[in-house]
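Worksheet: the structure to be examined is printed underneath.
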Amino acid sequence: MTTAGPAPRSRPPGRIRRLLGTDLPYQMLTLLVVAALWEGYARTHESILLPTFTETAAATVTLLGEGELWRAAWLSNQALVLGFLIAVALGVPAGLLLGRFSAIERYTDVYLSILLVTPMAGIIPLLVMSVGFGLASRVILVALFSVVMAVTNARAGIRQIDASLIEMSRTFGASEAQIWRRVLIPGAMPAIMTGVRLALGRAVTGMVIVELLMVSVGYGGLILTYRSHFDAPALYAVVVIVLSEAVLLISAARWIERKMTPWATSHHSPRSTA
Amino acid sequence: MIEITNLTKRFTGNRGGTVHALSEVDLTIADNEFVTVLGPSGCGKTTLLRALAGLTGWDEGDILVDGEPVRSPGPERAMVFQNFALLPWASVLDNVAFGLELRGEARGRRHATARELIGLVGLDGFEDRLPGELSGGMQQRVGLARALAVQPRVLLMDEPFGALDEQTRRILQQELLTIWERRRLTVVFITHSIEEAVLLGDRVVLMSPRPGRIAETVPVDIPRPRSFDLHGLGRTEEFTTLTTHLWERLRSMHPDTHPDTHPDRAGARR
Ligand SMILES: Nc1ncnc2c1ncn2[C@@H]1O[C@H](COP(=O)(O)OP(=O)(O)O)[C@@H](O)[C@H]1O
Ligand SMILES: [Mg+2]
């Protein structure tokens with residue numbers, strides 16, 4: 001650690017400027033405003049059902065120190081991770097095939113629409129009846145919730161690929177397998193990653209809904225418990241924790257998306273064109 | 001040598017009508033010849049080139065390249081596209097090496113070849129750029145380098161400079177001729193610009209629409225290497241005579257030409 005870095009005086013302004021260039025400071029500002037409004041509203045309308053922001057924050061910190069929360073998180077995330085992975089593993093290839101071979105579309109379009117519009121909550125009783133209250137039914141529901149995003153985005157990703165790229169590959173003698181590897185998959189990658197990110201969001205929703213409505217374990221189970229105790233700050237704290245987890249996961253997905261597809265124009269790339 | 005005999009292709013339109021895209025096209029192109037194909041849009045130029053590339057079938061006739069019938073794309077033919085058709089996620093180097101990569105050539109060898117061609121088209125120093133970071137003219141240089149990298153004997157070009165501004169197009173035309181004169185290559189070059197057809201070609205093949213057929217083949221006896229100075233070549237009698245003649249023929253094909261002044265249609269309409 002003897003080598004000198006860049007001149008120390010120039011460092012802070014550079015860092016601040018870089019930080020101001022990201023969305024973070026503005027998001028923090030919004031958060032502060034919301035917190036202040038919340039605090040003010042809750043203090044003036046005292047109610048057992050509406051904790052203040054500070055009460056919620058305190059409850060969140062307390063909850064984070066308790067084993068109860070981490071057991072719930074472990075349970076919930078098992079269903080989340082498994083369901084999400086199944087959705088992506090099945091949904092992305094299915095979407096890619098649908099995009100390339102539009103003849104299949106005829107047979108499947110109606111089912112995709114059903115998946116997209118069905119209120120999934122409605123099929124929970126069905127699932128529980130056939131698979132039981134175990135992990136399996138939570139995993140299946142999470143997968144059902146998120147698979148549509150994986151399928152439709154992967155399909156759209158293939159569809160928007162410039163047909164002349166496929167034609168060009170063929171003039172150089174590309175086989176169908178080479179066209180997939182070298183053109184279709186890289187070309188669809190931005191849309192695939194968007195689909196994965198959206199699928200993740202839907203998976204979190206699915207996870208919480210199934211726990212709230214049918215199989216009261218995990219985060220959903222905690223919410224139900226605190227509700228029955230009229231412990232509003234703890235209840236809000238669980239919601240805050242679930243939301244934070246979702247935001248973290250989705251930010252991670254977005255980061256990976258950018259790293260993997262720096263050429264895509266859907267998100268501004270930091271590359272200069274000088 | 002390319003021998004096209006009696007080539008006929010029909011498309012069935014959505015409403016059941018038939019489009020005669022190509023009708024009894026006969027064309028023989030010698031080795032190392034530079035042939036330009038000129039015609040109004042919709043006269044079947046692209047269809048002819050795609051058939052030559054092996055990208056599309058046809059209804060009647062034959063295409064032979066060096067005596068071998070064309071059935072699919074082949075390594076002796078390479079294509080340059082109007083919209084460049086570059087892989088947006090791949091660097092200039094990987095785009096130029098793409099044809100070689102598809103042929104299974106090892107990374108080191110194909111990159112060496114690609115670097116050589118990047119130099120040939122004047123893109124030294126741009127190897128690691130993405131296509132989106134390049135101007136249109138530079139993108140088409142990449143397209144040209146990619147086609148040349150596979151060492152084709154026939155270069156098929158479908159309005160390759162059609163999307164470029166006038167100045168860039170001039171420069172690329174000149175460079176294409178320089179490259180063609182140095183490498184032994186047969187070029188089939190489609191354009192709808194009369195000047196471009198005459199500037200570049202040994203022969204201008206004029207096509208007419210509905211049905212798409214060859215209306216006339218015009219030899220261009222302007223000596224090479226050709227000067228691109230419009231005050232030089234552009235004012236020579238040979239150039240003016242050819243372009244005027246081609247312009248007259250094209251004008252008569254245009255659907256907006258008044259029937260009474262339309263040499264082809266005036267009689268046929270009655
Ligand atoms: N895939 C296709 N399906 C139906 N008609 C087509 C198709 N491709 C071309 N055509 C028709 O064939 C004719 C010739 O087209 P094309 O070869 O693209 O002409 P050009 O390149 O000279 O403008 C046009 O009338 C066009 O509408
Ligand atoms: Mg065309």
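So you can find residues: chains in the structure tokens are A, B, ... in the order shown, residues in each start at 1, and ligands are numbered from 1 in order.
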
Considering only C-alpha atoms, return as a PDB file with C-alpha atoms, in the first residue's frame whatever protein or nucleic-acid residues lie within 7 Å of range 146-154 of chain B, sequence-local ones (same chain, fewer than 5 positions apart) excluded.
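Everything below was put into result.pdb:
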ATOM      1  CA  PRO B  75     -18.079 -20.743 -50.144  1.00  0.00           C
ATOM      2  CA  GLU B  76     -17.157 -19.303 -53.538  1.00  0.00           C
ATOM      3  CA  ARG B  77     -19.896 -16.655 -53.276  1.00  0.00           C
ATOM      4  CA  ALA B  78     -20.114 -13.914 -50.645  1.00  0.00           C
ATOM      5  CA  MET B  79     -22.670 -11.170 -50.222  1.00  0.00           C
ATOM      6  CA  VAL B  80     -22.595  -7.525 -49.151  1.00  0.00           C
ATOM      7  CA  ASN B  95     -17.773  -9.287 -37.478  1.00  0.00           C
ATOM      8  CA  VAL B  96     -15.087  -9.458 -40.155  1.00  0.00           C
ATOM      9  CA  ALA B  97     -14.065 -12.922 -38.915  1.00  0.00           C
ATOM     10  CA  PHE B  98     -17.674 -14.133 -38.771  1.00  0.00           C
ATOM     11  CA  GLY B  99     -17.679 -16.041 -42.073  1.00  0.00           C
ATOM     12  CA  LEU B 100     -14.441 -17.777 -41.131  1.00  0.00           C
ATOM     13  CA  THR B 113      -7.069 -12.837 -41.695  1.00  0.00           C
ATOM     14  CA  ALA B 114      -9.647 -10.390 -40.338  1.00  0.00           C
ATOM     15  CA  LEU B 117      -8.841  -7.183 -44.324  1.00  0.00           C
ATOM     16  CA  LEU B 185     -12.931 -11.282 -58.335  1.00  0.00           C
ATOM     17  CA  THR B 186     -16.208 -11.436 -60.185  1.00  0.00           C
ATOM     18  CA  VAL B 187     -18.618  -8.768 -58.961  1.00  0.00           C
TER      19      VAL B 187
END

For range 255-261 of chain A, work out the shell of residues within 8 Å, counting only C-alpha atoms and skipping chain neighbours fewer than 3 positions away, then give it as a list of chain:residue names.
A:Met189, A:Pro190, A:Met193, A:Thr194, A:Ser251, A:Ala252, A:Ala264, A:His267, A:Ser269, B:Trp89

For the residues selected in the previous step, produce a file with N, CA, C and O atoms as a PDB file, in the first residue's frame.
ATOM      1  N   MET A 189     -30.747 -11.802 -26.357  1.00  0.00           N
ATOM      2  CA  MET A 189     -30.295 -11.727 -24.968  1.00  0.00           C
ATOM      3  C   MET A 189     -30.825 -10.515 -24.186  1.00  0.00           C
ATOM      4  O   MET A 189     -31.274 -10.678 -23.049  1.00  0.00           O
ATOM      5  N   PRO A 190     -30.837  -9.309 -24.771  1.00  0.00           N
ATOM      6  CA  PRO A 190     -31.379  -8.189 -23.981  1.00  0.00           C
ATOM      7  C   PRO A 190     -32.820  -8.452 -23.550  1.00  0.00           C
ATOM      8  O   PRO A 190     -33.171  -8.217 -22.391  1.00  0.00           O
ATOM      9  N   MET A 193     -33.048 -11.162 -20.861  1.00  0.00           N
ATOM     10  CA  MET A 193     -32.681 -10.657 -19.534  1.00  0.00           C
ATOM     11  C   MET A 193     -33.775  -9.771 -18.950  1.00  0.00           C
ATOM     12  O   MET A 193     -34.033  -9.799 -17.747  1.00  0.00           O
ATOM     13  N   THR A 194     -34.421  -8.978 -19.805  1.00  0.00           N
ATOM     14  CA  THR A 194     -35.557  -8.190 -19.326  1.00  0.00           C
ATOM     15  C   THR A 194     -36.642  -9.131 -18.809  1.00  0.00           C
ATOM     16  O   THR A 194     -37.225  -8.899 -17.743  1.00  0.00           O
ATOM     17  N   SER A 251     -32.445  -5.173  -8.708  1.00  0.00           N
ATOM     18  CA  SER A 251     -31.273  -4.369  -9.059  1.00  0.00           C
ATOM     19  C   SER A 251     -30.133  -5.268  -9.508  1.00  0.00           C
ATOM     20  O   SER A 251     -29.423  -4.955 -10.475  1.00  0.00           O
ATOM     21  N   ALA A 252     -29.978  -6.404  -8.806  1.00  0.00           N
ATOM     22  CA  ALA A 252     -28.923  -7.342  -9.202  1.00  0.00           C
ATOM     23  C   ALA A 252     -29.193  -7.849 -10.613  1.00  0.00           C
ATOM     24  O   ALA A 252     -28.285  -7.906 -11.457  1.00  0.00           O
ATOM     25  N   ALA A 264     -26.783  -3.223 -26.184  1.00  0.00           N
ATOM     26  CA  ALA A 264     -28.212  -2.978 -26.355  1.00  0.00           C
ATOM     27  C   ALA A 264     -28.535  -1.522 -26.112  1.00  0.00           C
ATOM     28  O   ALA A 264     -27.946  -0.867 -25.264  1.00  0.00           O
ATOM     29  N   HIS A 267     -31.037   0.127 -22.692  1.00  0.00           N
ATOM     30  CA  HIS A 267     -30.508   0.842 -21.528  1.00  0.00           C
ATOM     31  C   HIS A 267     -29.259   1.574 -21.982  1.00  0.00           C
ATOM     32  O   HIS A 267     -28.411   1.028 -22.671  1.00  0.00           O
ATOM     33  N   SER A 269     -25.771   2.839 -22.569  1.00  0.00           N
ATOM     34  CA  SER A 269     -24.493   2.251 -22.218  1.00  0.00           C
ATOM     35  C   SER A 269     -23.505   3.376 -21.930  1.00  0.00           C
ATOM     36  O   SER A 269     -23.588   4.450 -22.499  1.00  0.00           O
TER      37      SER A 269
ATOM     38  N   TRP B  89     -23.657  -6.898 -31.523  1.00  0.00           N
ATOM     39  CA  TRP B  89     -22.992  -7.190 -30.248  1.00  0.00           C
ATOM     40  C   TRP B  89     -21.535  -7.606 -30.454  1.00  0.00           C
ATOM     41  O   TRP B  89     -20.810  -7.800 -29.485  1.00  0.00           O
TER      42      TRP B  89
END

Selection within 9 Å of ligand 2 by only C-alpha atoms and all ligand atoms, output as a VMD selection string:
chain B and resid 41 to 47 49 82 158 to 159 190 to 192

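Considering the residues B:Leu38, B:Leu27, B:Val142, B:Leu172 and counting only C-alpha atoms and all ligand atoms, ligand 1 has its shortest atom-to-atom contact with B:Leu38.
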
With a distance threshold of 8 Å and counting only C-alpha atoms, extract the residues of chain B near chain A and express them as a compact mmCIF listing (two decimals) with C-alpha atoms, in the first residue's frame.
# COMPACT_ATOMS: atom_id res chain seq x y z
CA ALA B 53 -26.59 -16.42 -53.55
CA GLY B 54 -28.57 -19.63 -53.13
CA LEU B 55 -30.92 -18.01 -50.62
CA PRO B 73 -25.12 -20.71 -50.45
CA GLY B 74 -21.55 -21.73 -51.28
CA PRO B 75 -18.08 -20.74 -50.14
CA ARG B 77 -19.90 -16.66 -53.28
CA ALA B 78 -20.11 -13.91 -50.65
CA MET B 79 -22.67 -11.17 -50.22
CA PHE B 81 -25.88 -6.17 -47.84
CA ALA B 85 -26.21 -6.77 -41.66
CA LEU B 86 -23.52 -6.54 -38.96
CA LEU B 87 -23.87 -8.30 -35.63
CA PRO B 88 -24.49 -5.39 -33.23
CA TRP B 89 -22.99 -7.19 -30.25
CA GLY B 99 -17.68 -16.04 -42.07
CA LEU B 102 -18.82 -20.26 -39.23
CA ARG B 103 -16.42 -22.33 -41.30
CA LEU B 130 -18.99 -2.15 -31.98
CA GLY B 132 -23.17 1.00 -33.44
CA GLU B 133 -20.13 3.20 -32.84

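Considering only C-alpha atoms, the residue among B:Asn32, B:Ile2, B:Gly143, B:Glu216 positioned nearest to Val70 in chain B is B:Ile2.
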
Could you find all residues in range 36-237 of chain B that DSSP calls strand (DSSP E or B) from the backbone, and write them as an MDAnalysis selection string?
chainID B and resid 36:38 60:65 68:69 77:80 154:158 186:191 203:208 213:219

Let's see if you can do this: from backbone DSSP, list all alpha helix (DSSP H) residues in range 9-57 of chain A, as JSON, numbers by chain.
{"A": [11, 12, 13, 14, 15, 16, 17, 18, 19, 20, 21, 24, 25, 26, 27, 28, 29, 30, 31, 32, 33, 34, 35, 36, 37, 38, 39, 40, 41, 42, 43, 44, 53, 54, 55, 56, 57]}

Might you pull out every residue within 8 Å of Leu64 in chain B, with only C-alpha atoms counted and same-chain residues fewer than 4 positions away left off, and present them as a CSV table (one decimal) with all heavy atoms, in the first residue's frame?
chain,number,residue,atom,x,y,z
B,1,MET,N,-17.0,-18.6,-64.0
B,1,MET,CA,-18.0,-18.1,-64.9
B,1,MET,C,-19.4,-18.4,-64.3
B,1,MET,O,-19.6,-19.4,-63.7
B,1,MET,CB,-17.9,-18.8,-66.3
B,1,MET,CG,-18.7,-18.1,-67.3
B,1,MET,SD,-18.3,-18.5,-69.0
B,1,MET,CE,-18.9,-20.1,-69.2
B,2,ILE,N,-20.3,-17.4,-64.5
B,2,ILE,CA,-21.7,-17.6,-64.0
B,2,ILE,C,-22.6,-17.7,-65.2
B,2,ILE,O,-22.5,-16.8,-66.1
B,2,ILE,CB,-22.1,-16.4,-63.1
B,2,ILE,CG1,-21.2,-16.2,-61.9
B,2,ILE,CG2,-23.5,-16.5,-62.7
B,2,ILE,CD1,-21.4,-15.0,-61.1
B,3,GLU,N,-23.3,-18.8,-65.3
B,3,GLU,CA,-24.3,-18.9,-66.4
B,3,GLU,C,-25.7,-19.0,-65.9
B,3,GLU,O,-26.1,-19.9,-65.2
B,3,GLU,CB,-23.9,-20.2,-67.2
B,3,GLU,CG,-22.6,-20.1,-67.9
B,3,GLU,CD,-22.0,-21.5,-68.2
B,3,GLU,OE1,-21.5,-22.1,-67.2
B,3,GLU,OE2,-22.2,-21.9,-69.3
B,4,ILE,N,-26.5,-18.0,-66.2
B,4,ILE,CA,-27.9,-18.0,-65.8
B,4,ILE,C,-28.7,-18.2,-67.1
B,4,ILE,O,-28.5,-17.4,-68.1
B,4,ILE,CB,-28.3,-16.6,-65.2
B,4,ILE,CG1,-27.4,-16.4,-64.0
B,4,ILE,CG2,-29.7,-16.6,-64.8
B,4,ILE,CD1,-27.5,-15.0,-63.4
B,68,GLU,N,-21.0,-25.6,-61.8
B,68,GLU,CA,-21.8,-26.3,-60.8
B,68,GLU,C,-23.1,-25.6,-60.6
B,68,GLU,O,-23.2,-24.4,-60.4
B,68,GLU,CB,-21.0,-26.2,-59.5
B,68,GLU,CG,-19.7,-27.0,-59.4
B,68,GLU,CD,-20.0,-28.5,-59.3
B,68,GLU,OE1,-20.9,-28.9,-58.5
B,68,GLU,OE2,-19.4,-29.3,-60.0
B,69,PRO,N,-24.2,-26.4,-60.6
B,69,PRO,CA,-25.5,-25.8,-60.3
B,69,PRO,C,-25.6,-25.2,-58.9
B,69,PRO,O,-25.1,-25.8,-57.9
B,69,PRO,CB,-26.5,-26.9,-60.5
B,69,PRO,CG,-25.7,-28.2,-60.4
B,69,PRO,CD,-24.3,-27.9,-60.8
B,70,VAL,N,-26.2,-24.0,-58.8
B,70,VAL,CA,-26.4,-23.4,-57.5
B,70,VAL,C,-27.6,-24.0,-56.8
B,70,VAL,O,-28.7,-24.0,-57.4
B,70,VAL,CB,-26.5,-21.9,-57.7
B,70,VAL,CG1,-27.1,-21.2,-56.4
B,70,VAL,CG2,-25.2,-21.2,-58.1

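Our summary of the geometry notes that CA of Leu127 in chain A is positioned 8.2 Å from CA of Ile140 in chain A.
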
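Look at Leu135 in chain A: the protein and nucleic acid residues within 9 Å of it, using only C-alpha atoms and passing over chain neighbours fewer than 6 places away, are Leu75, Gln78 and Ala79 of chain A.
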
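Among the candidates A:Ser113, A:Ser76, A:Thr54, A:Thr152, the one nearest to Val196 in chain A when counting only C-alpha atoms is A:Thr152.
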
Compile the contact shell of Leu212 in chain A as a PyMOL selection string: residues with an atom at most 9 Å away, counting only C-alpha atoms, same-chain residues fewer than 4 positions apart removed.
chain A and resi 207-208+216-217+219-221+223-224

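The interatomic distance for the pair CA of Arg18 in chain A and CA of Ala35 in chain A works out to 25.8 Å.
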